[in-house]
>>> print(open('input04.pdb').read())   # PDB, C-alpha atoms
ATOM      1  CA  MET A   1      27.766  10.200 -15.634
ATOM      2  CA  LYS A   2      28.732  13.589 -16.966
ATOM      3  CA  LYS A   3      26.436  16.386 -16.032
ATOM      4  CA  THR A   4      25.375  18.941 -18.646
ATOM      5  CA  CYS A   5      24.005  21.399 -16.252
ATOM      6  CA  SER A   6      23.084  21.457 -12.601
ATOM      7  CA  ARG A   7      19.540  20.241 -13.336
ATOM      8  CA  TYR A   8      19.834  17.390 -15.861
ATOM      9  CA  ARG A   9      22.382  14.653 -16.485
ATOM     10  CA  SER A  10      23.455  13.498 -19.943
ATOM     11  CA  GLU A  11      21.602  10.250 -19.281
ATOM     12  CA  ASP A  12      18.362  12.243 -18.976
ATOM     13  CA  ILE A  13      19.141  14.001 -22.257
ATOM     14  CA  SER A  14      19.802  10.654 -23.954
ATOM     15  CA  ARG A  15      16.513   9.239 -22.714
ATOM     16  CA  PHE A  16      14.800  12.451 -23.893
ATOM     17  CA  VAL A  17      16.192  11.964 -27.417
ATOM     18  CA  ASP A  18      15.107   8.311 -27.394
ATOM     19  CA  ASN A  19      11.670   9.353 -26.119
ATOM     20  CA  GLU A  20      11.970   7.167 -23.062
ATOM     21  CA  LEU A  21      11.014   9.736 -20.438
ATOM     22  CA  SER A  22       7.604  10.061 -18.818
ATOM     23  CA  GLN A  23       5.378  12.621 -20.408
ATOM     24  CA  ALA A  24       5.611  15.072 -17.509
ATOM     25  CA  ARG A  25       9.371  14.762 -17.351
ATOM     26  CA  TYR A  26       9.616  15.060 -21.150
ATOM     27  CA  HIS A  27       7.704  18.366 -21.156
ATOM     28  CA  GLU A  28       9.674  19.613 -18.218
ATOM     29  CA  LEU A  29      13.000  18.919 -20.012
ATOM     30  CA  ALA A  30      11.668  20.362 -23.283
ATOM     31  CA  LYS A  31      10.808  23.570 -21.402
ATOM     32  CA  HIS A  32      14.272  23.577 -19.850
ATOM     33  CA  LEU A  33      15.952  23.226 -23.259
ATOM     34  CA  ARG A  34      14.657  26.637 -24.302
ATOM     35  CA  ASP A  35      16.756  28.317 -21.611
ATOM     36  CA  CYS A  36      19.807  25.943 -21.443
ATOM     37  CA  PRO A  37      22.231  26.065 -24.423
ATOM     38  CA  ASP A  38      24.419  23.253 -22.969
ATOM     39  CA  CYS A  39      21.549  20.802 -22.808
ATOM     40  CA  ARG A  40      20.372  21.870 -26.249
ATOM     41  CA  SER A  41      23.783  21.222 -27.694
ATOM     42  CA  LEU A  42      23.875  17.764 -26.107
ATOM     43  CA  VAL A  43      20.439  16.965 -27.505
ATOM     44  CA  GLU A  44      21.745  17.833 -30.984
ATOM     45  CA  LYS A  45      24.769  15.577 -30.492
ATOM     46  CA  TYR A  46      22.635  12.616 -29.406
ATOM     47  CA  LYS A  47      20.245  13.154 -32.283
ATOM     48  CA  ASN A  48      23.142  13.139 -34.777
ATOM     49  CA  LEU A  49      24.511   9.967 -33.197
ATOM     50  CA  THR A  50      21.146   8.278 -33.481
ATOM     51  CA  VAL A  51      20.877   9.212 -37.157
ATOM     52  CA  MET A  52      24.414   7.935 -37.881
ATOM     53  CA  PHE A  53      23.749   4.660 -36.088
ATOM     54  CA  ASN A  54      20.479   4.071 -37.954
ATOM     55  CA  ASP A  55      22.190   4.795 -41.306
ATOM     56  CA  HIS A  56      25.047   2.307 -40.700
ATOM     57  CA  ALA A  57      22.872  -0.367 -39.201
ATOM     58  CA  GLY A  58      20.938  -0.457 -42.454
ATOM     59  CA  HIS A  59      24.104  -0.762 -44.589
ATOM     60  CA  THR A  60      24.270  -4.051 -46.564
ATOM     61  CA  GLY A  61      28.047  -4.377 -46.150
ATOM     62  CA  LEU A  62      27.690  -5.172 -42.499
ATOM     63  CA  LYS A  63      25.139  -7.865 -43.000
ATOM     64  CA  ILE A  64      26.259 -11.508 -42.675
ATOM     65  CA  ASP A  65      25.326 -13.781 -45.546
ATOM     66  CA  PRO A  66      24.402 -17.142 -43.964
ATOM     67  CA  ALA A  67      24.713 -19.004 -47.325
ATOM     68  CA  ALA A  68      28.261 -17.732 -47.921
ATOM     69  CA  LEU A  69      29.206 -18.514 -44.338
ATOM     70  CA  LYS A  70      27.883 -22.058 -44.664
ATOM     71  CA  GLN A  71      29.775 -22.566 -47.940
ATOM     72  CA  ASN A  72      33.024 -21.335 -46.342
ATOM     73  CA  LEU A  73      32.487 -23.711 -43.453
ATOM     74  CA  VAL A  74      31.955 -26.670 -45.830
ATOM     75  CA  ILE A  75      35.153 -25.832 -47.757
ATOM     76  CA  THR A  76      37.158 -25.599 -44.524
ATOM     77  CA  THR A  77      35.752 -28.911 -43.277
ATOM     78  CA  GLN A  78      36.546 -30.654 -46.567
ATOM     79  CA  SER A  79      40.140 -29.411 -46.698
ATOM     80  CA  SER A  80      40.895 -30.270 -43.074
ATOM     81  CA  PRO A  81      41.392 -34.086 -43.472
ATOM     82  CA  LYS A  82      44.016 -33.472 -46.175
ATOM     83  CA  LYS A  83      45.902 -31.157 -43.870
ATOM     84  CA  ILE A  84      45.680 -33.696 -41.059
ATOM     85  CA  LEU A  85      46.874 -36.499 -43.368
ATOM     86  CA  GLY A  86      49.693 -34.288 -44.600
ATOM     87  CA  ASN A  87      50.826 -33.741 -41.027
ATOM     88  CA  ILE A  88      50.681 -37.484 -40.287
ATOM     89  CA  TYR A  89      52.747 -38.304 -43.385
ATOM     90  CA  LEU A  90      55.282 -35.662 -42.392
ATOM     91  CA  LYS A  91      55.547 -37.120 -38.898
ATOM     92  CA  LEU A  92      55.818 -40.686 -40.226
ATOM     93  CA  ALA A  93      58.486 -39.624 -42.701
ATOM     94  CA  SER A  94      60.440 -37.936 -39.902
ATOM     95  CA  ILE A  95      60.200 -41.047 -37.724
ATOM     96  CA  ALA A  96      61.275 -43.286 -40.628
ATOM     97  CA  ALA A  97      64.256 -41.037 -41.363
ATOM     98  CA  ILE A  98      65.321 -41.047 -37.718
ATOM     99  CA  LEU A  99      64.960 -44.839 -37.561
ATOM    100  CA  ILE A 100      67.038 -45.397 -40.694
ATOM    101  CA  ILE A 101      69.767 -43.043 -39.534
ATOM    102  CA  SER A 102      69.820 -44.700 -36.092
ATOM    103  CA  LEU A 103      70.052 -48.201 -37.541
ATOM    104  CA  PHE A 104      72.813 -47.202 -39.938
ATOM    105  CA  TRP A 105      74.625 -45.551 -37.068
ATOM    106  CA  PHE A 106      74.441 -48.605 -34.823
ATOM    107  CA  GLN A 107      75.251 -51.069 -37.591
ATOM    108  CA  GLY A 108      78.230 -48.978 -38.630
ATOM    109  CA  GLY A 109      76.912 -48.637 -42.163
ATOM    110  CA  MET A 110      77.362 -44.905 -42.133
ATOM    111  CA  PHE A 111      80.517 -42.920 -41.454
ATOM    112  CA  ARG A 112      82.722 -45.943 -41.977
ATOM    113  CA  SER A 113      86.368 -45.430 -41.170
ATOM    114  CA  THR A 114      88.504 -44.886 -44.218
ATOM    115  CA  GLY A 115      91.396 -46.967 -42.912
ATOM    116  CA  PRO A 116      92.863 -50.044 -44.573
ATOM    117  CA  SER A 117      90.792 -53.211 -44.889
ATOM    118  CA  ALA A 118      93.180 -54.893 -42.447
ATOM    119  CA  ILE A 119      95.739 -53.645 -39.972
ATOM    120  CA  VAL A 120      98.695 -56.005 -39.778
ATOM    121  CA  THR A 121      99.825 -56.159 -36.170
ATOM    122  CA  SER A 122     102.535 -58.831 -36.519
ATOM    123  CA  VAL A 123     104.255 -60.995 -39.151
ATOM    124  CA  ASP A 124     106.444 -63.985 -38.386
ATOM    125  CA  THR A 125     108.173 -65.887 -41.179
ATOM    126  CA  ASP A 126     111.399 -67.706 -41.933
ATOM    127  CA  PHE A 127     111.694 -65.729 -45.152
ATOM    128  CA  SER A 128     113.057 -62.239 -45.237
ATOM    129  CA  SER A 129     110.948 -60.916 -48.101
ATOM    130  CA  VAL A 130     107.598 -59.676 -46.823
ATOM    131  CA  MET A 131     105.668 -56.740 -48.248
ATOM    132  CA  ILE A 132     102.493 -55.125 -46.999
ATOM    133  CA  ILE A 133     100.582 -53.322 -49.729
ATOM    134  CA  GLU A 134      97.455 -51.184 -49.615
ATOM    135  CA  THR A 135      95.542 -50.579 -52.826
ATOM    136  CA  GLN A 136      94.692 -46.995 -53.671
ATOM    137  CA  LYS A 137      91.015 -47.324 -54.538
ATOM    138  CA  LYS A 138      89.502 -49.465 -51.790
ATOM    139  CA  LYS A 139      92.475 -49.576 -49.423
ATOM    140  CA  HIS A 140      92.539 -53.355 -49.703
ATOM    141  CA  THR A 141      95.403 -54.821 -47.678
ATOM    142  CA  ILE A 142      97.715 -57.344 -49.338
ATOM    143  CA  ILE A 143     100.531 -59.218 -47.577
ATOM    144  CA  TRP A 144     103.082 -60.575 -49.992
ATOM    145  CA  PHE A 145     105.732 -63.050 -48.914
ATOM    146  CA  SER A 146     108.226 -65.124 -50.884
ATOM    147  CA  GLU A 147     109.007 -68.704 -50.047
ATOM    148  CA  THR A 148     112.325 -68.611 -51.878
TER     149      THR A 148
ATOM    150  CA  MET B 149      54.741 -31.188 -30.131
ATOM    151  CA  VAL B 150      55.478 -32.962 -26.840
ATOM    152  CA  ARG B 151      53.502 -35.958 -28.103
ATOM    153  CA  PHE B 152      55.540 -35.970 -31.319
ATOM    154  CA  ILE B 153      58.818 -35.946 -29.363
ATOM    155  CA  LYS B 154      57.509 -38.816 -27.236
ATOM    156  CA  ILE B 155      56.763 -40.841 -30.394
ATOM    157  CA  ILE B 156      60.274 -40.191 -31.733
ATOM    158  CA  LEU B 157      61.853 -41.225 -28.431
ATOM    159  CA  PHE B 158      59.770 -44.392 -28.426
ATOM    160  CA  PHE B 159      60.943 -45.385 -31.918
ATOM    161  CA  LEU B 160      64.539 -44.503 -31.076
ATOM    162  CA  SER B 161      64.447 -46.773 -28.042
ATOM    163  CA  ILE B 162      63.102 -49.585 -30.249
ATOM    164  CA  ALA B 163      65.933 -48.985 -32.731
ATOM    165  CA  CYS B 164      68.489 -49.096 -29.914
ATOM    166  CA  PHE B 165      66.980 -52.314 -28.574
ATOM    167  CA  PHE B 166      67.125 -54.104 -31.930
ATOM    168  CA  SER B 167      70.591 -52.860 -32.755
ATOM    169  CA  GLN B 168      71.963 -54.105 -29.444
ATOM    170  CA  PRO B 169      72.811 -57.624 -30.741
ATOM    171  CA  ALA B 170      74.852 -55.999 -33.522
ATOM    172  CA  LEU B 171      77.209 -54.658 -30.901
ATOM    173  CA  ALA B 172      77.643 -58.002 -29.187
ATOM    174  CA  LYS B 173      78.505 -60.289 -32.088
ATOM    175  CA  THR B 174      79.940 -63.676 -31.156
ATOM    176  CA  LYS B 175      79.957 -65.627 -34.424
ATOM    177  CA  ILE B 176      82.294 -64.955 -37.295
ATOM    178  CA  LEU B 177      81.746 -65.989 -40.883
ATOM    179  CA  THR B 178      85.156 -66.430 -42.479
ATOM    180  CA  HIS B 179      85.380 -66.820 -46.226
ATOM    181  CA  VAL B 180      88.599 -68.124 -47.759
ATOM    182  CA  LYS B 181      89.215 -67.960 -51.503
ATOM    183  CA  VAL B 182      92.296 -69.670 -52.897
ATOM    184  CA  ILE B 183      93.323 -68.040 -56.172
ATOM    185  CA  HIS B 184      95.900 -69.100 -58.708
ATOM    186  CA  ALA B 185      97.333 -66.057 -60.429
ATOM    187  CA  SER B 186      99.564 -66.397 -63.482
ATOM    188  CA  THR B 187     100.675 -64.618 -66.650
ATOM    189  CA  GLY B 188      98.827 -67.148 -68.856
ATOM    190  CA  PRO B 189      95.912 -66.402 -71.228
ATOM    191  CA  ARG B 190      93.621 -63.658 -69.938
ATOM    192  CA  TYR B 191      91.029 -65.110 -67.619
ATOM    193  CA  VAL B 192      89.131 -63.919 -64.598
ATOM    194  CA  ASP B 193      87.012 -66.348 -62.629
ATOM    195  CA  PRO B 194      83.408 -65.073 -62.309
ATOM    196  CA  GLY B 195      83.601 -65.642 -58.552
ATOM    197  CA  LEU B 196      86.446 -63.146 -58.240
ATOM    198  CA  LYS B 197      84.906 -60.126 -59.942
ATOM    199  CA  LYS B 198      84.721 -58.043 -56.792
ATOM    200  CA  ILE B 199      88.335 -58.431 -55.736
ATOM    201  CA  ILE B 200      90.053 -58.552 -59.152
ATOM    202  CA  PRO B 201      90.163 -54.755 -59.776
ATOM    203  CA  GLU B 202      92.096 -54.358 -56.524
ATOM    204  CA  LEU B 203      94.519 -57.182 -57.358
ATOM    205  CA  LYS B 204      95.022 -55.942 -60.914
ATOM    206  CA  SER B 205      95.929 -52.506 -59.577
ATOM    207  CA  VAL B 206      98.946 -54.097 -57.871
ATOM    208  CA  PHE B 207      99.897 -57.284 -59.757
ATOM    209  CA  LYS B 208     100.895 -57.886 -63.361
ATOM    210  CA  TYR B 209      99.108 -61.242 -63.651
ATOM    211  CA  THR B 210      96.622 -61.807 -66.475
ATOM    212  CA  SER B 211      94.911 -64.974 -65.293
ATOM    213  CA  TYR B 212      93.062 -65.358 -61.997
ATOM    214  CA  ARG B 213      91.493 -68.763 -61.301
ATOM    215  CA  LEU B 214      89.521 -69.663 -58.233
ATOM    216  CA  LEU B 215      90.876 -72.979 -56.924
ATOM    217  CA  LYS B 216      88.963 -73.177 -53.687
ATOM    218  CA  ASP B 217      86.094 -71.307 -52.049
ATOM    219  CA  GLN B 218      85.517 -72.249 -48.427
ATOM    220  CA  ARG B 219      83.190 -70.707 -45.858
ATOM    221  CA  LEU B 220      83.890 -71.218 -42.179
ATOM    222  CA  ASP B 221      81.340 -70.604 -39.446
ATOM    223  CA  GLN B 222      83.557 -69.799 -36.504
ATOM    224  CA  HIS B 223      83.381 -68.815 -32.864
ATOM    225  CA  PHE B 224      86.119 -66.793 -31.244
ATOM    226  CA  HIS B 225      89.251 -68.894 -30.538
ATOM    227  CA  GLN B 226      88.060 -71.603 -32.906
ATOM    228  CA  LYS B 227      90.873 -72.779 -35.186
ATOM    229  CA  ASP B 228      89.947 -74.026 -38.645
ATOM    230  CA  ARG B 229      92.086 -75.532 -41.365
ATOM    231  CA  VAL B 230      91.900 -75.047 -45.095
ATOM    232  CA  ASN B 231      93.942 -77.372 -47.263
ATOM    233  CA  LEU B 232      95.933 -75.501 -49.868
ATOM    234  CA  PRO B 233      97.675 -76.720 -53.020
ATOM    235  CA  GLY B 234     101.295 -77.875 -52.718
ATOM    236  CA  LYS B 235     100.988 -79.637 -49.350
ATOM    237  CA  ARG B 236     100.174 -76.373 -47.651
ATOM    238  CA  THR B 237      97.628 -75.682 -44.957
ATOM    239  CA  LEU B 238      96.033 -72.442 -43.860
ATOM    240  CA  ILE B 239      95.087 -72.246 -40.186
ATOM    241  CA  ILE B 240      92.805 -69.391 -39.269
ATOM    242  CA  MET B 241      91.406 -68.303 -35.923
ATOM    243  CA  PRO B 242      89.372 -65.236 -34.979
ATOM    244  CA  SER B 243      90.282 -64.306 -31.422
ATOM    245  CA  ASP B 244      88.211 -61.254 -30.569
ATOM    246  CA  MET B 245      86.928 -57.940 -31.835
ATOM    247  CA  GLU B 246      88.529 -54.566 -31.485
ATOM    248  CA  GLY B 247      85.946 -51.949 -32.296
ATOM    249  CA  LYS B 248      84.567 -52.843 -35.693
ATOM    250  CA  ARG B 249      87.509 -55.048 -36.598
ATOM    251  CA  ILE B 250      87.982 -58.774 -36.139
ATOM    252  CA  ARG B 251      91.320 -59.907 -34.784
ATOM    253  CA  TYR B 252      92.559 -62.899 -36.755
ATOM    254  CA  GLN B 253      95.550 -65.156 -36.282
ATOM    255  CA  ILE B 254      96.553 -66.675 -39.616
ATOM    256  CA  THR B 255      99.196 -69.367 -40.115
ATOM    257  CA  ILE B 256     100.396 -71.017 -43.333
ATOM    258  CA  LYS B 257     102.134 -74.345 -43.036
ATOM    259  CA  LYS B 258     104.067 -76.244 -45.672
ATOM    260  CA  ASN B 259     104.882 -79.893 -45.043
ATOM    261  CA  LYS B 260     103.618 -79.419 -41.465
ATOM    262  CA  ARG B 261     106.112 -76.636 -40.884
ATOM    263  CA  SER B 262     105.001 -73.083 -40.222
ATOM    264  CA  VAL B 263     106.264 -70.850 -43.007
ATOM    265  CA  PHE B 264     104.200 -67.749 -42.362
ATOM    266  CA  GLN B 265     102.295 -66.372 -39.428
ATOM    267  CA  THR B 266     100.472 -63.091 -39.001
ATOM    268  CA  ARG B 267      97.995 -61.292 -36.771
ATOM    269  CA  VAL B 268      95.663 -58.834 -38.389
ATOM    270  CA  LEU B 269      92.741 -56.614 -37.444
ATOM    271  CA  LEU B 270      90.341 -57.132 -40.313
ATOM    272  CA  LYS B 271      87.607 -54.600 -40.880
ATOM    273  CA  ASN B 272      84.190 -56.208 -40.482
ATOM    274  CA  ASN B 273      82.735 -57.256 -43.874
ATOM    275  CA  SER B 274      86.058 -56.627 -45.534
ATOM    276  CA  SER B 275      88.949 -58.769 -46.757
ATOM    277  CA  ILE B 276      92.703 -59.190 -46.858
ATOM    278  CA  THR B 277      94.795 -60.987 -49.461
ATOM    279  CA  ILE B 278      97.887 -62.969 -48.573
ATOM    280  CA  GLY B 279     100.035 -64.170 -51.443
ATOM    281  CA  GLY B 280     103.347 -65.229 -52.661
ATOM    282  CA  PRO B 281     103.778 -69.036 -52.612
ATOM    283  CA  GLN B 282     104.840 -70.343 -56.048
ATOM    284  CA  PHE B 283     102.514 -72.851 -57.708
ATOM    285  CA  ASN B 284     102.175 -74.162 -61.301
ATOM    286  CA  ASP B 285     103.966 -71.328 -63.131
ATOM    287  CA  GLY B 286     102.153 -68.770 -61.045
ATOM    288  CA  VAL B 287     101.460 -67.792 -57.472
ATOM    289  CA  LEU B 288      98.849 -68.560 -54.879
ATOM    290  CA  LEU B 289      96.741 -65.789 -53.387
ATOM    291  CA  PHE B 290      94.532 -66.306 -50.344
ATOM    292  CA  ASN B 291      91.706 -63.863 -50.039
ATOM    293  CA  ILE B 292      90.268 -63.960 -46.532
ATOM    294  CA  SER B 293      87.123 -62.042 -45.621
ATOM    295  CA  GLY B 294      85.363 -61.933 -42.301
ATOM    296  CA  SER B 295      82.024 -60.750 -41.055
ATOM    297  CA  ALA B 296      80.755 -60.751 -37.519
ATOM    298  CA  LYS B 297      77.210 -62.055 -36.970
TER     299      LYS B 297
END
>>> encode(input="input04.pdb", output="structure tokens")
Amino acid sequence: MKKTCSRYRSEDISRFVDNELSQARYHELAKHLRDCPDCRSLVEKYKNLTVMFNDHAGHTGLKIDPAALKQNLVITTQSSPKKILGNIYLKLASIAAILIISLFWFQGGMFRSTGPSAIVTSVDTDFSSVMIIETQKKKHTIIWFSET
Amino acid sequence: MVRFIKIILFFLSIACFFSQPALAKTKILTHVKVIHASTGPRYVDPGLKKIIPELKSVFKYTSYRLLKDQRLDQHFHQKDRVNLPGKRTLIIMPSDMEGKRIRYQITIKKNKRSVFQTRVLLKNNSSITIGGPQFNDGVLLFNISGSAK
């Protein structure tokens, strides 16, 4: 602890201000204060601090209102289930979306190839006239042959 | 967050498990529609509504009548016959799958003589139309669709 002078520590001064010293010691320090400006100055500082603390401790702004606190707690508790449900719905929706996309992917329902409906790999006929047609809209394959 | 990822992975593995049979399809449902197309009075058979816009975009015919509608439950390498008008026969056989396409061997016979033969890779759940044989002032069209099960 910081010393104010060679005789008394700041702790002694603090206890003096708070009137926590023994009577003999109190009078001894009071006598010393008349001759020691450093200790006197420290006493003044501690006294000011004590006054400031007492003033602010009594301020209403720092007081906690138990009724308001309880009401806030009730509101928070009531809104929590909704938040939890919201999270569950979000998770379920995500799972459902993933499932649907996966099933479509595996069943080939999504990203279908845009090729013709049929790929003709070979044609064998006695007739020379054979045509392979692909419609524009749905790429439907038509094989046309003439028997004549 | 780790728990959430675990849940997603769990559902993904379930999805993979259930989709597995879709990748190993062994049965083929073949659907053959025999159509008579002509330049007679305007008519479109109600059973042909899906395919008609495609045919009309290519052909000049005004009348499309459904003469025969046959469904065949086939295995790979199973040959099936469909009797066609004018002493004709359609022989159809799915042989295997190549990706998402079914490989078909299709033969048309007239008076027991092969007049047309083709091999096609038909997109799953899609169709092909083969046409040309003359019949009753019009032509015959064979719309063949296939879907793997």
>>> closest_atom_pairs(input="input04.pdb", of="chain B", to="chain A", cutoff="6 Å", atoms="all atoms listed in the file", output="CSV")
residue,atom,partner,partner_atom,distance
B:Val263,CA,A:Thr125,CA,5.6
B:Phe264,CA,A:Thr125,CA,4.5
B:Gln265,CA,A:Asp124,CA,4.9
B:Thr266,CA,A:Val123,CA,4.3
B:Arg267,CA,A:Ser122,CA,5.2
B:Val268,CA,A:Val120,CA,4.4
B:Leu269,CA,A:Ile119,CA,4.9
B:Leu270,CA,A:Ala118,CA,4.2
B:Lys271,CA,A:Ser117,CA,5.3
B:Ser274,CA,A:Ser117,CA,5.9
B:Ile276,CA,A:Thr141,CA,5.2
B:Thr277,CA,A:Ile142,CA,4.7
B:Ile278,CA,A:Ile143,CA,4.7
B:Gly279,CA,A:Trp144,CA,4.9
B:Gly280,CA,A:Phe145,CA,4.9
B:Pro281,CA,A:Glu147,CA,5.8
>>> atom_distance(input="input04.pdb", atom1="atom CA of B:Leu203", atom2="atom CA of B:Gly188")
15.8 Å
>>> resolve_selection(input="input04.pdb", expression="the PyMOL selection byres ((chain B and resi 257) around 9)", output="count of residues only")
15
>>> closest_residue(input="input04.pdb", among="A:Cys36, A:Ala30, A:Ala68, A:Leu42", to="A:Ser14", atoms="all atoms listed in the file")
A:Leu42
>>> residues_near_point(input="input04.pdb", point="(89.8, -69.0, -36.1)", cutoff="6 Å", atoms="all atoms listed in the file", output="number ranges by chain")
B: 225-228, 240-242
>>> resolve_selection(input="input04.pdb", expression="the PyMOL selection byres ((chain B and resi 212-220) around 9)", output="list in words")
Ile176, Leu177, Thr178, His179, Val180, Lys181, Val182, Ile183, His184, Ala185, Ser186, Thr187, Arg190, Tyr191, Val192, Asp193, Pro194, Gly195, Leu196, Ile200, Tyr209, Thr210, Ser211, Asp221, Gln222, Asp228, Val230, Leu232 and Pro233 of chain B
>>> atom_distance(input="input04.pdb", atom1="atom CA of B:Lys197", atom2="atom CA of B:Leu289")
14.7 Å
>>> residues_around(input="input04.pdb", residues="B:Asn273", least_positions_apart="2", cutoff="9 Å", atoms="all atoms listed in the file", output="ChimeraX atom specification")
/B:249,270-271,275,293-296
>>> write_last_selection(input="input04.pdb", atoms="C-alpha atoms", output="short mmCIF file (atom, residue, chain, number, x, y, z; two decimals), keeping the file's coordinate frame")
data_model
loop_
_atom_site.label_atom_id
_atom_site.label_comp_id
_atom_site.auth_asym_id
_atom_site.auth_seq_id
_atom_site.Cartn_x
_atom_site.Cartn_y
_atom_site.Cartn_z
CA ARG B 249 87.51 -55.05 -36.60
CA LEU B 270 90.34 -57.13 -40.31
CA LYS B 271 87.61 -54.60 -40.88
CA SER B 275 88.95 -58.77 -46.76
CA SER B 293 87.12 -62.04 -45.62
CA GLY B 294 85.36 -61.93 -42.30
CA SER B 295 82.02 -60.75 -41.06
CA ALA B 296 80.76 -60.75 -37.52
#
>>> atom_distance(input="input04.pdb", atom1="atom CA of B:Phe224", atom2="atom CA of B:Ser243")
4.9 Å
>>> resolve_selection(input="input04.pdb", expression="the PyMOL selection byres ((chain A and resi 45-51) around 12)", output="list in words")
Ser10, Glu11, Asp12, Ile13, Ser14, Arg15, Phe16, Val17, Asp18, Asn19, Asp38, Cys39, Arg40, Ser41, Leu42, Val43, Glu44, Met52, Phe53, Asn54, Asp55, His56, Ala57 and Gly58 of chain A
>>> closest_residue(input="input04.pdb", among="B:Lys208, B:Lys198, B:Lys175, B:Lys248", to="B:His223", atoms="only C-alpha atoms")
B:Lys175
>>> axis_aligned_box(input="input04.pdb", around="stretch 238-257 of chain B", padding_each_side="6 Å", output="AutoDock Vina command-line options")
--center_x 93.4 --center_y -63.1 --center_z -37.2 --size_x 29.6 --size_y 34.4 --size_z 25.3
